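Since the structure comes first, as structure tokens, the remarks are kept for the end.
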Amino acid sequence: MAQPVWHDPEPLALATAPVPQYGTGSLADLLPTLAAGMDVPGMEASIAELSPADRNCVFLIDGLGWEQIKAHPDEAPYLHSLLPTSRGNTGRPLTAGFPATTATSLASVGTGLPPGAHGLTGYTTRNPATNELMNQLRWKPWTDPHAWQPYPTVFELADAAGVHTAQVSSPDFRHTPLTKVALSGGTFHGRLTGEDRMDLTALQLGAADRSLVYTYYSEVDGKGHRFGVDSDDWRGQLMYVDRLVQRLADQLPPRSALYVTADHGMIDIPFDEESRIDFDEDWELGAGVALLGGEGRARHVYAVPGAAADVLTVWREVLGEQFWVASRDEAIAAGWFGPAVDERVHGRIGDVVAAAHADVVITASRREVHESQMVGMHGSMTAVEQLVPLLEVRS
């Protein structure tokens with residue numbers, strides 16, 4: 001009887017990672033395309049499917065990916081009815097960019113640049129000047145915002161070109177560093193309730209012949225993280241935001257285009273040892289690692305000096321069937337962070353970058369207590385995380 005032949009599992013080929021559509025269909029291409037249609041100098045219409053409008057509104061719903069809208073026609077009947085309008089009536093989504101996380105995506109939206117240029121390359125990344133982890137959502141420890149992200153926003157460029165520009169969001173975000181580097185320009189209007197935001201957004205949109213208005217809602221993401229996208233709490237938020245979108249659409253002034261999009265989708269991860277790999281309890285993954293950045297499904301791994309090659313080898317051996325595991329140079333060459341990476345950004349990217357393919361996360365139960373307890377997760381390049389809508393309503 002022939003003896004079985006055992007083979008070591010092959011790691012995922014990096015070429016199979018679905019790289020975001022930078023330059024043709026990513027979040028970073030949205031505002032430049034709209035601004036180009038309003039004759040803002042220096043802007044390029046990269047999303048070829050969109051038609052110009054005099055008044056443009058972007059409503060970004062945090063955490064509401066393309067796959068979530070498709071899967072919930074009963075809870076989101078209005079949003080679901082708009083799916084065929086996505087991306088200029090092609091019925092196709094955009095890609096968020098890598099990693100598919102809020103700080104990175106909001107910077108991509110506001111600056112019109114991919115992560116490799118604006119430099120917000122993850123939830124937490126290493127500051128090469130201090131060798132500390134920098135949380136780019138909460139902006140801790142404090143770092144000079146304009147040194148960290150020096151490029152002007154599309155809102156600033158549009159405002160300088162005479163376009164009426166406004167952001168309508170929670171008052172809590174008025175003075176945050178993330179708002180300064182990603183969304184500043186024109187006027188900021190803080191409103192607490194979703195209904196008030198929709199009403200004021202419509203007024204701001206009609207305040208001039210050429211307008212660019214941004215509004216934002218966060219609680220779909222919040223409920224997803226806490227309870228999961230398979231929860232009644234999350235579905236309740238989806239039902240609410242569906243009504244908000246229709247409320248805004250019903251008030252659009254003439255010659256307006258409303259675009260509903262998101263910063264990422266979300267996936268629920270079971271609470272078991274196979275689905276949640278605890279870095280803080282895994283000596284093998286921790287060997288040679290100085291800092292663990294990113295988040296559960298999109299990790300930046302910073303090695304101690306001289307250990308980067310060994311860390312890459314181990315992470316590929318341990319995780320290679322479940323994660324795309326790349327060296328910094330491989331991830332950059334593959335275009336994960338965009339067509340190019342600025343020199344100031346290079347050291348913010350991990351010596352090893354791990355992006356989840358399977359329904360699994362790398363938690364850190366001691367150093368990331370809150371994040372490790374989340375049900376809903378995101379960050380990687382899978383369709384459920386990466387694909388975001390670009391639903392369109394015109395008046």
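Following the order of the structure tokens, first chain is A, next is B, and so on, with residues numbered from 1 inside each chain and ligands from 1 in the order they appear.
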
Between stretch 301-335 of chain A and stretch 379-386 of chain A, at 12 Å or less, what are the per-residue closest atom pairs and their distances in Å? Count only C-alpha atoms, order by chain and rising residue number, and return it as JSON lines.
```
{"residue": "A:Gln322", "atom": "CA", "partner": "A:Ser380", "partner_atom": "CA", "distance": 11.7}
{"residue": "A:Phe323", "atom": "CA", "partner": "A:Ser380", "partner_atom": "CA", "distance": 9.3}
{"residue": "A:Trp324", "atom": "CA", "partner": "A:Ser380", "partner_atom": "CA", "distance": 9.4}
{"residue": "A:Val325", "atom": "CA", "partner": "A:Ser380", "partner_atom": "CA", "distance": 11.6}
```

Output file for the selection above: all heavy atoms, as an mmCIF file, in the first residue's frame:
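Listed below is the output, result.cif:
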```cif
data_model
loop_
_atom_site.group_PDB
_atom_site.id
_atom_site.type_symbol
_atom_site.label_atom_id
_atom_site.label_comp_id
_atom_site.auth_asym_id
_atom_site.auth_seq_id
_atom_site.Cartn_x
_atom_site.Cartn_y
_atom_site.Cartn_z
ATOM 1 N N GLN A 322 -3.999 31.822 5.228
ATOM 2 C CA GLN A 322 -5.139 32.638 5.636
ATOM 3 C C GLN A 322 -4.943 34.127 5.372
ATOM 4 O O GLN A 322 -5.918 34.886 5.318
ATOM 5 C CB GLN A 322 -5.392 32.438 7.141
ATOM 6 C CG GLN A 322 -5.743 31.001 7.506
ATOM 7 C CD GLN A 322 -5.797 30.821 9.006
ATOM 8 O OE1 GLN A 322 -4.803 30.992 9.714
ATOM 9 N NE2 GLN A 322 -6.974 30.496 9.510
ATOM 10 N N PHE A 323 -3.707 34.541 5.223
ATOM 11 C CA PHE A 323 -3.375 35.948 4.996
ATOM 12 C C PHE A 323 -2.457 36.067 3.786
ATOM 13 O O PHE A 323 -1.630 35.182 3.530
ATOM 14 C CB PHE A 323 -2.608 36.526 6.201
ATOM 15 C CG PHE A 323 -3.458 36.883 7.390
ATOM 16 C CD1 PHE A 323 -3.983 35.893 8.212
ATOM 17 C CD2 PHE A 323 -3.714 38.215 7.715
ATOM 18 C CE1 PHE A 323 -4.747 36.214 9.318
ATOM 19 C CE2 PHE A 323 -4.474 38.545 8.815
ATOM 20 C CZ PHE A 323 -4.991 37.554 9.623
ATOM 21 N N TRP A 324 -2.607 37.175 3.051
ATOM 22 C CA TRP A 324 -1.557 37.577 2.129
ATOM 23 C C TRP A 324 -0.466 38.231 2.979
ATOM 24 O O TRP A 324 -0.712 39.243 3.652
ATOM 25 C CB TRP A 324 -2.074 38.579 1.111
ATOM 26 C CG TRP A 324 -3.058 37.996 0.129
ATOM 27 C CD1 TRP A 324 -2.783 37.163 -0.909
ATOM 28 C CD2 TRP A 324 -4.470 38.225 0.082
ATOM 29 N NE1 TRP A 324 -3.933 36.852 -1.600
ATOM 30 C CE2 TRP A 324 -4.982 37.492 -1.019
ATOM 31 C CE3 TRP A 324 -5.356 38.984 0.854
ATOM 32 C CZ2 TRP A 324 -6.336 37.493 -1.358
ATOM 33 C CZ3 TRP A 324 -6.703 38.993 0.531
ATOM 34 C CH2 TRP A 324 -7.184 38.246 -0.560
ATOM 35 N N VAL A 325 0.712 37.656 2.991
ATOM 36 C CA VAL A 325 1.809 38.142 3.831
ATOM 37 C C VAL A 325 2.924 38.635 2.924
ATOM 38 O O VAL A 325 3.501 37.859 2.147
ATOM 39 C CB VAL A 325 2.318 37.046 4.782
ATOM 40 C CG1 VAL A 325 3.453 37.588 5.653
ATOM 41 C CG2 VAL A 325 1.177 36.520 5.661
#
```

Give me the residues of stretch 226-309 of chain A that have any atom at most 9 Å from an atom of stretch 105-113 of chain A; for each, the nearest atom pair and the distance in Å, rounded to one decimal. Use only C-alpha atoms, sort by chain and number, and format it as CSV.
```
residue,atom,partner,partner_atom,distance
A:Ala262,CA,A:Ser105,CA,8.6
A:Asp263,CA,A:Ser105,CA,5.3
A:His264,CA,A:Ser105,CA,7.6
```

Hey, which bits of stretch 197-232 of chain A sit within 12 Å of stretch 140-158 of chain A, and for each residue what's the closest pair of atoms and how far apart in Å (one decimal), counting only C-alpha atoms, rows by chain and increasing number, as JSON lines?
```
{"residue": "A:Arg210", "atom": "CA", "partner": "A:Ala158", "partner_atom": "CA", "distance": 9.8}
{"residue": "A:Ser211", "atom": "CA", "partner": "A:Ala158", "partner_atom": "CA", "distance": 9.0}
{"residue": "A:Leu212", "atom": "CA", "partner": "A:Phe155", "partner_atom": "CA", "distance": 7.6}
{"residue": "A:Val213", "atom": "CA", "partner": "A:Phe155", "partner_atom": "CA", "distance": 8.8}
{"residue": "A:Tyr214", "atom": "CA", "partner": "A:Phe155", "partner_atom": "CA", "distance": 9.2}
```

Based on the selection just made, write all heavy atoms of those residues as a compact mmCIF listing (two decimals), in the first residue's frame.
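See part_13.txt below for the written result:
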```txt
# COMPACT_ATOMS: atom_id res chain seq x y z
N ARG A 210 -22.26 76.78 -7.63
CA ARG A 210 -21.35 75.63 -7.61
C ARG A 210 -21.09 75.28 -6.15
O ARG A 210 -20.60 76.12 -5.38
CB ARG A 210 -20.03 75.95 -8.31
CG ARG A 210 -20.13 76.13 -9.81
CD ARG A 210 -18.73 76.21 -10.43
NE ARG A 210 -17.94 77.28 -9.80
CZ ARG A 210 -16.60 77.34 -9.83
NH1 ARG A 210 -15.91 76.39 -10.44
NH2 ARG A 210 -15.97 78.36 -9.28
N SER A 211 -21.40 74.05 -5.76
CA SER A 211 -21.26 73.64 -4.37
C SER A 211 -20.65 72.25 -4.28
O SER A 211 -20.94 71.38 -5.11
CB SER A 211 -22.62 73.64 -3.66
OG SER A 211 -23.21 74.92 -3.67
N LEU A 212 -19.85 72.07 -3.24
CA LEU A 212 -19.30 70.76 -2.91
C LEU A 212 -19.50 70.56 -1.42
O LEU A 212 -18.89 71.26 -0.60
CB LEU A 212 -17.81 70.68 -3.26
CG LEU A 212 -17.10 69.36 -2.94
CD1 LEU A 212 -17.72 68.20 -3.73
CD2 LEU A 212 -15.60 69.46 -3.23
N VAL A 213 -20.38 69.64 -1.05
CA VAL A 213 -20.77 69.45 0.34
C VAL A 213 -20.55 68.00 0.74
O VAL A 213 -20.88 67.08 -0.02
CB VAL A 213 -22.25 69.85 0.57
CG1 VAL A 213 -22.63 69.68 2.04
CG2 VAL A 213 -22.49 71.29 0.12
N TYR A 214 -20.00 67.82 1.93
CA TYR A 214 -19.73 66.48 2.47
C TYR A 214 -20.49 66.32 3.77
O TYR A 214 -20.50 67.23 4.62
CB TYR A 214 -18.23 66.35 2.72
CG TYR A 214 -17.79 65.15 3.53
CD1 TYR A 214 -17.49 63.93 2.92
CD2 TYR A 214 -17.65 65.24 4.92
CE1 TYR A 214 -17.07 62.84 3.67
CE2 TYR A 214 -17.24 64.15 5.67
CZ TYR A 214 -16.95 62.96 5.04
OH TYR A 214 -16.53 61.88 5.79
```

Name all residues at most 7 Å from stretch 292-297 of chain A (count only C-alpha atoms; drop same-chain ones fewer than 3 positions away) and give them as a list in words.
->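 That gives Gly122, Tyr123, Thr124, Thr125, Leu133, His300, Val301, Tyr302, Ala355, Ala356, Val361, Ile362, Thr363, His378, Gly379 and Ser380 of chain A.
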
Just to be explicit: take each residue in the selection above, keep C-alpha atoms, and write the result as a JSON list (two decimals), in the first residue's frame.
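Once written, selection_13.json looks like this:
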```
[["chain", "number", "residue", "atom", "x", "y", "z"],
["A", 122, "GLY", "CA", -3.50, 52.15, 8.74],
["A", 123, "TYR", "CA", -5.36, 52.32, 12.03],
["A", 124, "THR", "CA", -2.01, 52.40, 13.85],
["A", 125, "THR", "CA", 1.35, 52.81, 12.16],
["A", 133, "LEU", "CA", 2.86, 53.50, 17.24],
["A", 300, "HIS", "CA", 1.73, 46.22, 10.05],
["A", 301, "VAL", "CA", 4.51, 44.21, 11.71],
["A", 302, "TYR", "CA", 7.67, 46.10, 12.69],
["A", 355, "ALA", "CA", -3.87, 41.18, 4.94],
["A", 356, "ALA", "CA", -6.56, 38.65, 5.81],
["A", 361, "VAL", "CA", -8.20, 38.13, 12.62],
["A", 362, "ILE", "CA", -4.96, 38.61, 14.54],
["A", 363, "THR", "CA", -5.97, 40.09, 17.87],
["A", 378, "HIS", "CA", -12.48, 45.23, 8.57],
["A", 379, "GLY", "CA", -9.22, 46.32, 6.98],
["A", 380, "SER", "CA", -8.27, 43.83, 4.30]]
```

Could you state the separation of atom CA of A:Leu291 and atom CA of A:Leu387 in Å, given to one decimal place?
->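 Distance reported for this atom pair: 29.2 Å.
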
Residues of stretch 214-261 of chain A at most 8 Å from stretch 175-196 of chain A: nearest atom pair and distance in Å, only C-alpha atoms, as a Markdown table:
```
| residue | atom | partner | partner_atom | distance |
| --- | --- | --- | --- | --- |
| A:Tyr217 | CA | A:Gly194 | CA | 7.3 |
| A:Leu244 | CA | A:Glu195 | CA | 6.5 |
| A:Arg247 | CA | A:Glu195 | CA | 7.8 |
```

Extract, using only C-alpha atoms, all DNA, RNA and protein residues at most 8 Å from A:Leu205, discarding same-chain residues fewer than 2 positions from it, and format them as a ChimeraX atom specification.
-> /A:55-57,201-203,207-208,211-213,252-253,256

Would you mind telling me which residue in A:Val314, A:Met266, A:Ala303, A:Val229 lies nearest to A:Met377 when using only C-alpha atoms?
-> A:Met266

Mind checking which residues fall within 6 Å of A:Gln237, counting only C-alpha atoms, ignoring those fewer than 3 positions away in the same chain, and posting them as a PyMOL selection string?
-> chain A and resi 220+234+240

Hey, can you spit out that residue selection with C-alpha atoms as a PDB file, in the first residue's frame?
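Writing done, so here's again-v7.pdb:
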```pdb
ATOM      1  CA  VAL A 220     -23.630  51.990  11.359  1.00  0.00           C
ATOM      2  CA  TRP A 234     -26.890  46.958  13.344  1.00  0.00           C
ATOM      3  CA  TYR A 240     -32.369  54.587  10.134  1.00  0.00           C
TER       4      TYR A 240
END
```

Rank A:Gly320, A:Pro270, A:Gly350, A:Pro115 by their smallest atom-to-atom distance to A:Val304, using only C-alpha atoms, and report the top residue only.
->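 Nearest candidate to A:Val304 out of A:Gly320, A:Pro270, A:Gly350, A:Pro115: A:Gly350.
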
Identify, with DSSP run on backbone atoms, the residues in stretch 180-362 of chain A assigned to helix (DSSP H, G or I), and express the list as an MDAnalysis selection string.
-> chainID A and resid 180:182 194:205 219:227 232:249 279:281 283:286 308:319 328:333 343:346

Mind dumping a table of every stretch 304-336 of chain A residue within 10 Å of stretch 278-286 of chain A, with the nearest atom pair and its distance in Å to one decimal, using only C-alpha atoms, sorted by chain and rising number, as CSV?
```
residue,atom,partner,partner_atom,distance
A:Val311,CA,A:Leu285,CA,7.7
A:Leu312,CA,A:Leu285,CA,9.7
A:Val314,CA,A:Leu285,CA,6.9
A:Trp315,CA,A:Leu285,CA,6.3
A:Arg316,CA,A:Leu285,CA,10.0
A:Glu317,CA,A:Leu285,CA,9.9
A:Val318,CA,A:Leu285,CA,7.8
A:Leu319,CA,A:Leu285,CA,9.2
```

Determine which residues of stretch 90-314 of chain A receive a DSSP assignment of strand (DSSP E or B), computed from the backbone, and state them as a PyMOL selection string.
-> chain A and resi 94-95+124-127+132-135+140+164-169+187-190+211-217+256-261+267-268+276-278+289-295+298-303

Give the answer as one residue: which of A:Gly119, A:Gly65, A:Pro305, A:Pro41 has the shortest atom-to-atom distance to A:Asp159, using only C-alpha atoms?
->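 Among the listed residues, the smallest separation from A:Asp159 belongs to A:Pro41.
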
Computed interatomic separation between atom CA of A:Leu94 and atom CA of A:Ile69 (Å) = 13.6 Å

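Going from atom CA of A:Arg328 to atom CA of A:Gly265 covers 24.8 Å.
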
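Near A:Asp29, within 7 Å and counting only C-alpha atoms, sit A:Gly23, A:Thr24, A:Ser46, A:Ile47, A:Gly112; same-chain residues fewer than 5 positions away were not included.
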
Just-selected residues, N, CA, C and O atoms written as an mmCIF file, in the first residue's frame:
```
data_model
loop_
_atom_site.group_PDB
_atom_site.id
_atom_site.type_symbol
_atom_site.label_atom_id
_atom_site.label_comp_id
_atom_site.auth_asym_id
_atom_site.auth_seq_id
_atom_site.Cartn_x
_atom_site.Cartn_y
_atom_site.Cartn_z
ATOM 1 N N GLY A 23 -6.730 55.185 -9.192
ATOM 2 C CA GLY A 23 -6.603 55.884 -10.463
ATOM 3 C C GLY A 23 -7.772 55.748 -11.402
ATOM 4 O O GLY A 23 -7.900 56.527 -12.349
ATOM 5 N N THR A 24 -8.658 54.787 -11.140
ATOM 6 C CA THR A 24 -9.819 54.605 -12.008
ATOM 7 C C THR A 24 -11.114 54.394 -11.247
ATOM 8 O O THR A 24 -12.189 54.724 -11.765
ATOM 9 N N SER A 46 -11.020 61.031 -12.848
ATOM 10 C CA SER A 46 -10.492 59.671 -12.975
ATOM 11 C C SER A 46 -11.570 58.606 -13.042
ATOM 12 O O SER A 46 -11.337 57.528 -13.582
ATOM 13 N N ILE A 47 -12.743 58.873 -12.472
ATOM 14 C CA ILE A 47 -13.849 57.913 -12.555
ATOM 15 C C ILE A 47 -14.648 58.278 -13.795
ATOM 16 O O ILE A 47 -15.515 59.160 -13.774
ATOM 17 N N GLY A 112 -7.951 63.188 -2.065
ATOM 18 C CA GLY A 112 -7.926 62.689 -3.421
ATOM 19 C C GLY A 112 -6.647 61.950 -3.750
ATOM 20 O O GLY A 112 -6.303 61.791 -4.924
#
```

Of the residues A:Leu30, A:Ala331, A:Ala103, A:Val375, which is the one nearest to A:Gly224, using only C-alpha atoms?
->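 Looking at the shortest contact to A:Gly224, the residue is A:Val375.
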